[in-house]
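Visitor: Below are the structure tokens for one structure; questions will follow.
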Amino acid sequence: MRNDHADERPAEPPHLPRLLDAGDGGLVVELGSDISEATNRQVIALGDALGRLALPGIIEIVPTYRSLLILFDPLALPRATLRDEVHLLWPPRVADSARHGHWRVPVLYGGEHGVDLEGVARSHELATDEVVALHSGAEYRVYMIGFAPGFAYLGGLPEAIHTSRRTDPRLKTPPRSISIGGQQTAISPPLEIPSGWHLLGQTPVRSYDPRRAEKPFLFAAGDVIRFMPITPGDYCDMCAAAEAGAEVALWEPA
Amino acid sequence: MVGHLLIERPGLFSSLQDFGRFGYQHFGISASGAMDTVAMQAANALVGNAPGTAVIEMTMLGLAATVKAERCRLALAGADMPLAINGHPVESWRAHELKDGDRFEIGGAKSGMRGYLAIAGGLDVVPTLGSLSTHSRSGIGGLEGRALRPGDRLSLVDEPAGPLLALPREYRPSSAGPIRVVLGPQDDYFTPAGIATFLASDYRVTDKTDRMGTQLDGPTIEHAGGFNIVSDGIMNGSIQVPGNGRPLVLLADRQTTGGYPKIATVIGPDLFRLGQRRPGDLIRFRQVTAEEAEAAAHAHRAMIAAMLEAMSDAGSPAGEVSTERLLAHNLVSGVCSAFEEVLEQP
């Protein structure tokens with residue numbers, strides 16, 4: 001009951017991605033089944049290449065860890081044509097996606113801003129400032145944006161602080177939380193969202209802000225992020241600046 | 001003078017919706033949009049609006065409002081909700097013209113789940129990311145990203161013009177019949193027996209049903225292995241089966257990514273019918289191929305075109321105009337088959 005049409009195309013070399021049907025208006029291009037940076041790079045490069053084609057009838061391209069979901073209008077773009085276009089673009093040139101940039105994201109760790117920091121430190125028999133040093137010392141890759149507006153899933157969390165998700169998810173977590181779950185860390189948008197991840201801190205950065213008409217979303221899949229610990233005083237100043245519309249994340253084009 | 005509608009009683013969950021917000025799902029934004037886009041298009045056409053003009057979507061219980069404008073033309077379509085103007089019952093699926101101070105009231109749905117109220121000229125509300133659709137979970141769109149409240153004022157845009165239109169009964173869409181699905185994208189996470197169960201069983205809509213999705217109750221679907229995948233994209237109509245083996249259909253306000261395997265996807269042409277199923281209703285799924293789904297999308301477009309064409313001047317003698325139109329449209333091959341094809345199923 002596999003749904004990859006491999007049987008219809010016996011000559012397909014095995015390295016081609018699986019194309020999976022999703023209703024009348026969806027096509028999933030599956031490049032792998034695991035979380036891997038190499039796969040994610042290909043996903044993003046393929047999405048970028050497809051986006052540049054600007055095929056009439058494509059409604060959305062949603063890159064995730066390991067696959068692309070292409071939403072299209074079957075009245076404007078026949079499925080067979082879309083499948084052919086994807087095959088023609090394969091393999092995508094990963095270097096073409098170098099437009100993705102680097103961000104420095106300020107974080108106020110611990111206390112009321114990161115209520116799980118102490119628990120996480122205890123569970124790994126570390127001091128809280130060791131957890132902060134590990135978390136802010138690593139470089140992260142944005143694997144995808146999903147779940148909520150501007151919620152960034154980041155890979156690259158040091159193994160020493162991998163922490164399984166909470167057994168009791170919270171129905172509401174503070175806006176702009178920096179959290180960890182399993183092998184990942186994340187940046188929450190300025191919204192109270194449900195989450196089973198551990199809250200380490202809070203950032204003044206608004207990863208989503210509809211008032212920024214030109215750029216409502218800061219981060220994109222493929223971006224690189226480093227965290228920068230800040231003091232409560234900096235946090236207050238930066239929150240006020242961000243509230244007034246200023247950009248408080250530092251952008252370093254790649 | 002262009003004025004406003006004063007909402008007195010908002011109903012259970014009434015929100016502004018249009019076709020939805022596209023192009024932002026890769027930033028975590030759900031498309032949202034009307035749950036029954038056919039009824040939305042019908043309501044809009046009845047008052048002379050473009051098909052995707054924002055309407056008020058009401059769930060189970062309608063709203064009550066007073067017109068604070070010289071004139072206001074409106075039409076109600078979708079679920080069978082009683083409409084009364086100044087206390088007098090009037091018909092749905094046709095346009096009505098109200099004047100300053102008139103009060104209208106929309107009651108609870110006798111059948112169906114969602115009613116659509118279109119106002120001629122649309123509403124003077126600023127779109128968010130290109131759409132007026134409300135996504136209440138992320139506080140986006142509509143009025144401050146939320147459902148309507150008592151006291152809300154909805155500013156009107158335009159004076160109505162043109163004939164008052166009505167839609168003959170035989171062209172009103174039905175939400176009956178099975179829901180067509182294409183298997184996948186993760187049907188290989190289920191045993192053949194599990195897929196057979198999914199396609200052969202009746203599933204009951206539980207009270208865990210809203211704009212985000214519908215949790216169904218019925219025979220347990222057997223997974224082949226695990227039931228966790230590395231999260232990937234979710235679309236309108238994705239059917240996830242979590243560890244409890246019961247299908248969860250994700251709808252307009254769905255989260256954009258998810259980690260349960262998706263056994264099948266509801267085809268676009270049948271989503272409007274899901275939007276009218278209410279807790280307690282039974283759902284039967286029927287498998288079609290991706291090619292059949294594509295053909296169904298073409299038939300769906302023809303069905304909507306026929307529905308819009310069939311609208312006639314409500315002021316004319318009832319039988320005359322609609323019979324003439326009906327005859328004309330029945331001669332067009334394929335136009336009416338969109339419904340028949342669905343209704344003939346077991």
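Identifiers for the structure tokens are assigned positionally: chains receive A, B, ... in sequence, residues are indexed from 1 per chain, and ligands are indexed from 1 in the order shown.
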Which residues, written as a list in words, have at least one atom at most 8 Å from range 69-79 of chain A, with only C-alpha atoms counted and residues fewer than 6 positions away on the same chain left out?
Guide: Asp24, Gly25, Gly26, Leu27, Val28, Val29, Pro56, Gly57, Ile58, Ile59, Glu60, Ile61, Val62 and Pro63 of chain A; Asp232, Gly233, Ile234, Met235, Glu294, Ala297 and His298 of chain B
Visitor: Determine, using only C-alpha atoms, which residues of chain B have any atom at most 8 Å from an atom of chain A, and tabulate each with its shortest atom pair and distance in Å to one decimal place, rows ordered by chain and then rising number, as a tab-separated table.
Guide:
residue	atom	partner	partner_atom	distance
B:Phe22	CA	A:Ile59	CA	6.7
B:Gly23	CA	A:Glu60	CA	5.2
B:Tyr24	CA	A:Glu60	CA	7.5
B:Gln25	CA	A:Val62	CA	6.4
B:His26	CA	A:Val62	CA	4.7
B:Phe27	CA	A:Ile145	CA	5.2
B:Gly28	CA	A:Gly146	CA	4.0
B:Ile29	CA	A:Pro149	CA	4.9
B:Thr128	CA	A:Pro210	CA	7.2
B:Leu129	CA	A:Pro210	CA	7.5
B:Ser138	CA	A:Leu191	CA	6.9
B:Val181	CA	A:Gly23	CA	6.5
B:Val182	CA	A:Gly23	CA	5.0
B:Leu183	CA	A:Ala22	CA	7.5
B:Gly184	CA	A:Ala22	CA	6.1
B:Pro185	CA	A:Leu20	CA	5.2
B:Gln186	CA	A:Asn3	CA	7.8
B:Asp187	CA	A:Met1	CA	6.6
B:Asp188	CA	A:Arg2	CA	5.1
B:Pro192	CA	A:Met1	CA	7.3
B:Ile229	CA	A:Ser33	CA	7.6
B:Val230	CA	A:Asp34	CA	6.4
B:Ser231	CA	A:Tyr65	CA	7.1
B:Asp232	CA	A:Thr64	CA	5.4
B:Gly233	CA	A:Leu69	CA	5.6
B:Ile234	CA	A:Leu69	CA	7.9
B:Met235	CA	A:Gly26	CA	7.7
B:Gly237	CA	A:Gly23	CA	7.9
B:Ser238	CA	A:Ala22	CA	7.7
B:Gln255	CA	A:Phe147	CA	5.2
B:Thr256	CA	A:Phe147	CA	5.4
B:Thr257	CA	A:Phe147	CA	5.7
B:Gly258	CA	A:Phe147	CA	7.6
B:Ala264	CA	A:Ala22	CA	7.2
B:Thr265	CA	A:Gly23	CA	4.8
B:Val266	CA	A:Gly23	CA	5.8
B:Ile267	CA	A:Gly23	CA	4.8
B:Gly268	CA	A:Asp24	CA	6.4
B:Ala290	CA	A:Asp24	CA	5.9
B:Glu291	CA	A:Asp24	CA	7.8
B:Ala293	CA	A:Asp24	CA	5.0
B:Glu294	CA	A:Asp24	CA	5.4
B:Ala297	CA	A:Leu75	CA	6.9
B:His298	CA	A:Leu75	CA	6.5
Visitor: Report, in Å with one decimal, the straight-line distance from CA of Val86 in chain A to CA of Phe227 in chain B.
Guide: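 Pair CA of Val86 in chain A / CA of Phe227 in chain B returns 28.2 Å.
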Visitor: What residues in range 34-202 of chain A get the DSSP label alpha helix (DSSP H)? Please answer as a short mmCIF file (atom, residue, chain, number, x, y, z; two decimals) with N, CA, C and O atoms, in the first residue's frame.
Guide:
data_model
loop_
_atom_site.label_atom_id
_atom_site.label_comp_id
_atom_site.auth_asym_id
_atom_site.auth_seq_id
_atom_site.Cartn_x
_atom_site.Cartn_y
_atom_site.Cartn_z
N GLU A 37 20.73 17.24 8.82
CA GLU A 37 20.99 18.54 8.22
C GLU A 37 21.11 18.42 6.71
O GLU A 37 20.62 19.27 5.97
N ALA A 38 21.73 17.32 6.25
CA ALA A 38 21.92 17.16 4.81
C ALA A 38 20.57 17.08 4.10
O ALA A 38 20.35 17.73 3.07
N THR A 39 19.65 16.29 4.68
CA THR A 39 18.32 16.17 4.09
C THR A 39 17.61 17.51 4.10
O THR A 39 17.02 17.94 3.10
N ASN A 40 17.68 18.21 5.23
CA ASN A 40 16.99 19.49 5.36
C ASN A 40 17.53 20.52 4.37
O ASN A 40 16.78 21.31 3.80
N ARG A 41 18.86 20.49 4.14
CA ARG A 41 19.44 21.40 3.15
C ARG A 41 18.86 21.15 1.77
O ARG A 41 18.55 22.08 1.02
N GLN A 42 18.71 19.86 1.44
CA GLN A 42 18.14 19.52 0.13
C GLN A 42 16.68 19.95 0.04
O GLN A 42 16.24 20.44 -1.00
N VAL A 43 15.94 19.75 1.15
CA VAL A 43 14.53 20.14 1.18
C VAL A 43 14.41 21.63 0.86
O VAL A 43 13.61 22.06 0.01
N ILE A 44 15.23 22.42 1.56
CA ILE A 44 15.13 23.87 1.41
C ILE A 44 15.58 24.29 0.02
O ILE A 44 14.96 25.14 -0.63
N ALA A 45 16.66 23.65 -0.48
CA ALA A 45 17.14 24.00 -1.82
C ALA A 45 16.09 23.65 -2.88
O ALA A 45 15.85 24.42 -3.82
N LEU A 46 15.45 22.50 -2.73
CA LEU A 46 14.42 22.10 -3.69
C LEU A 46 13.23 23.06 -3.64
O LEU A 46 12.69 23.47 -4.68
N GLY A 47 12.86 23.45 -2.40
CA GLY A 47 11.75 24.40 -2.25
C GLY A 47 12.08 25.74 -2.89
O GLY A 47 11.25 26.34 -3.59
N ASP A 48 13.32 26.20 -2.68
CA ASP A 48 13.75 27.47 -3.29
C ASP A 48 13.71 27.37 -4.82
O ASP A 48 13.24 28.29 -5.50
N ALA A 49 14.23 26.25 -5.34
CA ALA A 49 14.29 26.08 -6.80
C ALA A 49 12.88 26.05 -7.38
O ALA A 49 12.60 26.68 -8.41
N LEU A 50 11.99 25.35 -6.70
CA LEU A 50 10.61 25.27 -7.17
C LEU A 50 9.94 26.64 -7.09
O LEU A 50 9.19 27.04 -7.99
N GLY A 51 10.23 27.37 -6.01
CA GLY A 51 9.67 28.72 -5.85
C GLY A 51 10.12 29.64 -6.98
O GLY A 51 9.34 30.43 -7.49
N ARG A 52 11.40 29.50 -7.37
CA ARG A 52 11.92 30.36 -8.45
C ARG A 52 11.24 30.07 -9.78
O ARG A 52 11.13 30.95 -10.63
N LEU A 53 10.79 28.82 -9.97
CA LEU A 53 10.09 28.48 -11.21
C LEU A 53 8.77 29.24 -11.33
O LEU A 53 8.30 29.47 -12.44
N ARG A 79 -1.43 17.40 -11.83
CA ARG A 79 -0.51 16.68 -10.96
C ARG A 79 0.69 16.12 -11.74
O ARG A 79 1.84 16.20 -11.28
N ALA A 80 0.41 15.57 -12.93
CA ALA A 80 1.48 14.95 -13.71
C ALA A 80 2.55 15.98 -14.08
O ALA A 80 3.75 15.70 -14.04
N THR A 81 2.11 17.19 -14.42
CA THR A 81 3.05 18.25 -14.78
C THR A 81 3.91 18.62 -13.58
O THR A 81 5.13 18.76 -13.68
N LEU A 82 3.28 18.72 -12.41
CA LEU A 82 4.01 19.08 -11.20
C LEU A 82 5.06 18.00 -10.87
O LEU A 82 6.21 18.31 -10.54
N ARG A 83 4.65 16.74 -10.99
CA ARG A 83 5.59 15.64 -10.71
C ARG A 83 6.80 15.73 -11.64
O ARG A 83 7.95 15.57 -11.21
N ASP A 84 6.54 15.99 -12.92
CA ASP A 84 7.64 16.10 -13.89
C ASP A 84 8.58 17.25 -13.52
O ASP A 84 9.80 17.12 -13.59
N GLU A 85 8.00 18.38 -13.13
CA GLU A 85 8.83 19.55 -12.79
C GLU A 85 9.73 19.24 -11.59
O GLU A 85 10.89 19.65 -11.56
N VAL A 86 9.18 18.53 -10.62
CA VAL A 86 9.99 18.19 -9.44
C VAL A 86 11.15 17.28 -9.87
O VAL A 86 12.30 17.48 -9.46
N HIS A 87 10.86 16.31 -10.72
CA HIS A 87 11.94 15.43 -11.17
C HIS A 87 13.00 16.18 -11.96
O HIS A 87 14.19 15.91 -11.84
N LEU A 88 12.55 17.15 -12.77
CA LEU A 88 13.51 17.92 -13.57
C LEU A 88 14.44 18.74 -12.68
O LEU A 88 15.58 19.03 -13.05
N LEU A 89 13.94 19.15 -11.51
CA LEU A 89 14.76 19.99 -10.61
C LEU A 89 15.73 19.15 -9.78
O LEU A 89 16.56 19.70 -9.06
N LEU A 117 14.49 26.31 33.78
CA LEU A 117 15.96 26.27 33.70
C LEU A 117 16.56 25.45 34.85
O LEU A 117 17.41 24.59 34.63
N GLU A 118 16.08 25.71 36.07
CA GLU A 118 16.65 24.99 37.23
C GLU A 118 16.38 23.50 37.14
O GLU A 118 17.26 22.68 37.42
N GLY A 119 15.17 23.13 36.75
CA GLY A 119 14.82 21.72 36.63
C GLY A 119 15.67 21.02 35.59
O GLY A 119 16.14 19.89 35.79
N VAL A 120 15.88 21.69 34.46
CA VAL A 120 16.71 21.11 33.40
C VAL A 120 18.14 20.93 33.92
O VAL A 120 18.74 19.87 33.72
N ALA A 121 18.65 21.96 34.63
CA ALA A 121 20.01 21.87 35.16
C ALA A 121 20.11 20.68 36.13
O ALA A 121 21.04 19.87 36.04
N ARG A 122 19.12 20.58 37.02
CA ARG A 122 19.11 19.47 38.00
C ARG A 122 19.10 18.11 37.30
O ARG A 122 19.84 17.21 37.67
N SER A 123 18.28 18.00 36.26
CA SER A 123 18.14 16.69 35.61
C SER A 123 19.43 16.26 34.93
O SER A 123 19.64 15.08 34.70
N THR A 128 22.95 26.03 36.70
CA THR A 128 22.12 26.73 35.70
C THR A 128 23.00 27.52 34.73
O THR A 128 22.70 27.58 33.54
N ASP A 129 24.11 28.11 35.23
CA ASP A 129 24.92 28.89 34.28
C ASP A 129 25.67 27.99 33.30
O ASP A 129 26.03 28.42 32.20
N GLU A 130 25.86 26.71 33.68
CA GLU A 130 26.45 25.78 32.71
C GLU A 130 25.46 25.48 31.59
O GLU A 130 25.82 25.39 30.41
N VAL A 131 24.18 25.33 31.97
CA VAL A 131 23.15 25.11 30.94
C VAL A 131 23.09 26.32 30.01
O VAL A 131 23.04 26.18 28.78
N VAL A 132 23.12 27.52 30.61
CA VAL A 132 23.07 28.74 29.80
C VAL A 132 24.28 28.80 28.86
O VAL A 132 24.15 29.11 27.67
N ALA A 133 25.47 28.46 29.39
CA ALA A 133 26.68 28.51 28.56
C ALA A 133 26.59 27.52 27.40
O ALA A 133 26.95 27.83 26.27
N LEU A 134 26.06 26.31 27.70
CA LEU A 134 25.93 25.31 26.64
C LEU A 134 24.91 25.78 25.58
O LEU A 134 25.15 25.71 24.38
N HIS A 135 23.77 26.27 26.07
CA HIS A 135 22.69 26.65 25.14
C HIS A 135 23.09 27.84 24.29
O HIS A 135 22.80 27.88 23.09
N SER A 136 23.77 28.83 24.90
CA SER A 136 24.10 30.03 24.14
C SER A 136 25.45 29.89 23.42
O SER A 136 25.81 30.75 22.63
N GLY A 137 26.15 28.77 23.68
CA GLY A 137 27.45 28.59 23.03
C GLY A 137 27.36 27.85 21.71
O GLY A 137 28.34 27.75 20.98
#
Visitor: Got a sec to tell me which of range 2-237 of chain A DSSP assigns to strand (DSSP E or B), as a PyMOL selection string?
Guide: chain A and resi 18-22+26-30+58-63+67-72+102-109+140-145+152-155+163+170-173+177-182+184-187+193-195+198-202+208+217+224-229
Visitor: In Å to one decimal, how far is CA of Val105 in chain A from CA of Ala246 in chain A?
Guide: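 These atoms are spaced 13.8 Å apart.
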Visitor: Could you please determine the separation between CA of Gly20 in chain B and CA of Pro150 in chain B in Å, to one decimal place?
Guide: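 Pair CA of Gly20 in chain B / CA of Pro150 in chain B returns 24.7 Å.
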Visitor: Tell me which protein, DNA and RNA residues are within 9 Å of Ile85 in chain B, counting only C-alpha atoms, leaving out same-chain ones fewer than 2 positions away, and put them as a list in words.
Guide: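 Selected residues are Leu83, Gly87, His88, Pro89, Val90, Leu98, Asp102, Arg103, Phe104, Glu105 and Ile106 of chain B.
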Visitor: Would you write out those residues with C-alpha atoms, as a compact mmCIF listing (two decimals), in the first residue's frame?
Guide:
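The result, written out as selection22.txt:
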# COMPACT_ATOMS: atom_id res chain seq x y z
CA LEU B 83 -33.70 33.93 9.82
CA GLY B 87 -39.55 39.30 14.14
CA HIS B 88 -40.91 37.96 10.84
CA PRO B 89 -39.46 34.69 9.52
CA VAL B 90 -37.94 35.04 6.04
CA LEU B 98 -33.01 46.01 5.33
CA ASP B 102 -34.15 46.97 11.21
CA ARG B 103 -33.15 44.10 13.43
CA PHE B 104 -32.48 40.58 12.24
CA GLU B 105 -31.99 37.40 14.17
CA ILE B 106 -30.50 34.07 13.11
Visitor: Within 10 Å of Leu165 in chain B, counting only C-alpha atoms, which residues qualify if same-chain residues fewer than 6 places away don't, as a PyMOL selection string?
Guide: chain B and resi 43+45-48+75+93-96+310-316
Visitor: Any idea what's packed within 9 Å of Arg146 in chain B, counting only C-alpha atoms, ignoring anything in its chain fewer than 2 positions away? Could you give it as a count of residues only?
Guide: 15
Visitor: Do a neighbour search on Glu97 in chain B at 7 Å with only C-alpha atoms, toss out local chain neighbours closer than 4 positions, and write the hits as a list in words.
Guide: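 Returned residues: Arg71, Cys72, Arg73 and Leu74 of chain B.
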Visitor: Could you save the residues just selected, with all heavy atoms, as a PDB file, in the first residue's frame?
Guide:
ATOM      1  N   ARG B  71     -29.303  51.607   4.187  1.00  0.00           N
ATOM      2  CA  ARG B  71     -29.757  50.349   3.607  1.00  0.00           C
ATOM      3  C   ARG B  71     -28.692  49.288   3.847  1.00  0.00           C
ATOM      4  O   ARG B  71     -27.505  49.601   3.941  1.00  0.00           O
ATOM      5  CB  ARG B  71     -29.946  50.482   2.097  1.00  0.00           C
ATOM      6  CG  ARG B  71     -31.077  51.408   1.691  1.00  0.00           C
ATOM      7  CD  ARG B  71     -31.408  51.212   0.229  1.00  0.00           C
ATOM      8  NE  ARG B  71     -30.265  51.447  -0.651  1.00  0.00           N
ATOM      9  CZ  ARG B  71     -30.125  50.874  -1.843  1.00  0.00           C
ATOM     10  NH1 ARG B  71     -31.023  50.014  -2.282  1.00  0.00           N
ATOM     11  NH2 ARG B  71     -29.081  51.158  -2.596  1.00  0.00           N
ATOM     12  N   CYS B  72     -29.122  48.045   3.917  1.00  0.00           N
ATOM     13  CA  CYS B  72     -28.155  46.953   4.061  1.00  0.00           C
ATOM     14  C   CYS B  72     -28.776  45.714   3.428  1.00  0.00           C
ATOM     15  O   CYS B  72     -29.878  45.316   3.779  1.00  0.00           O
ATOM     16  CB  CYS B  72     -27.853  46.708   5.542  1.00  0.00           C
ATOM     17  SG  CYS B  72     -26.854  45.241   5.835  1.00  0.00           S
ATOM     18  N   ARG B  73     -28.070  45.140   2.457  1.00  0.00           N
ATOM     19  CA  ARG B  73     -28.582  43.942   1.814  1.00  0.00           C
ATOM     20  C   ARG B  73     -27.780  42.752   2.326  1.00  0.00           C
ATOM     21  O   ARG B  73     -26.555  42.795   2.392  1.00  0.00           O
ATOM     22  CB  ARG B  73     -28.430  44.054   0.304  1.00  0.00           C
ATOM     23  CG  ARG B  73     -29.047  42.874  -0.431  1.00  0.00           C
ATOM     24  CD  ARG B  73     -28.925  43.029  -1.921  1.00  0.00           C
ATOM     25  NE  ARG B  73     -29.691  44.167  -2.402  1.00  0.00           N
ATOM     26  CZ  ARG B  73     -29.794  44.486  -3.701  1.00  0.00           C
ATOM     27  NH1 ARG B  73     -29.171  43.743  -4.603  1.00  0.00           N
ATOM     28  NH2 ARG B  73     -30.497  45.517  -4.076  1.00  0.00           N
ATOM     29  N   LEU B  74     -28.509  41.689   2.711  1.00  0.00           N
ATOM     30  CA  LEU B  74     -27.792  40.523   3.229  1.00  0.00           C
ATOM     31  C   LEU B  74     -28.431  39.240   2.741  1.00  0.00           C
ATOM     32  O   LEU B  74     -29.575  39.225   2.269  1.00  0.00           O
ATOM     33  CB  LEU B  74     -27.739  40.562   4.766  1.00  0.00           C
ATOM     34  CG  LEU B  74     -29.046  40.747   5.540  1.00  0.00           C
ATOM     35  CD1 LEU B  74     -29.806  39.442   5.644  1.00  0.00           C
ATOM     36  CD2 LEU B  74     -28.744  41.279   6.942  1.00  0.00           C
TER      37      LEU B  74
END
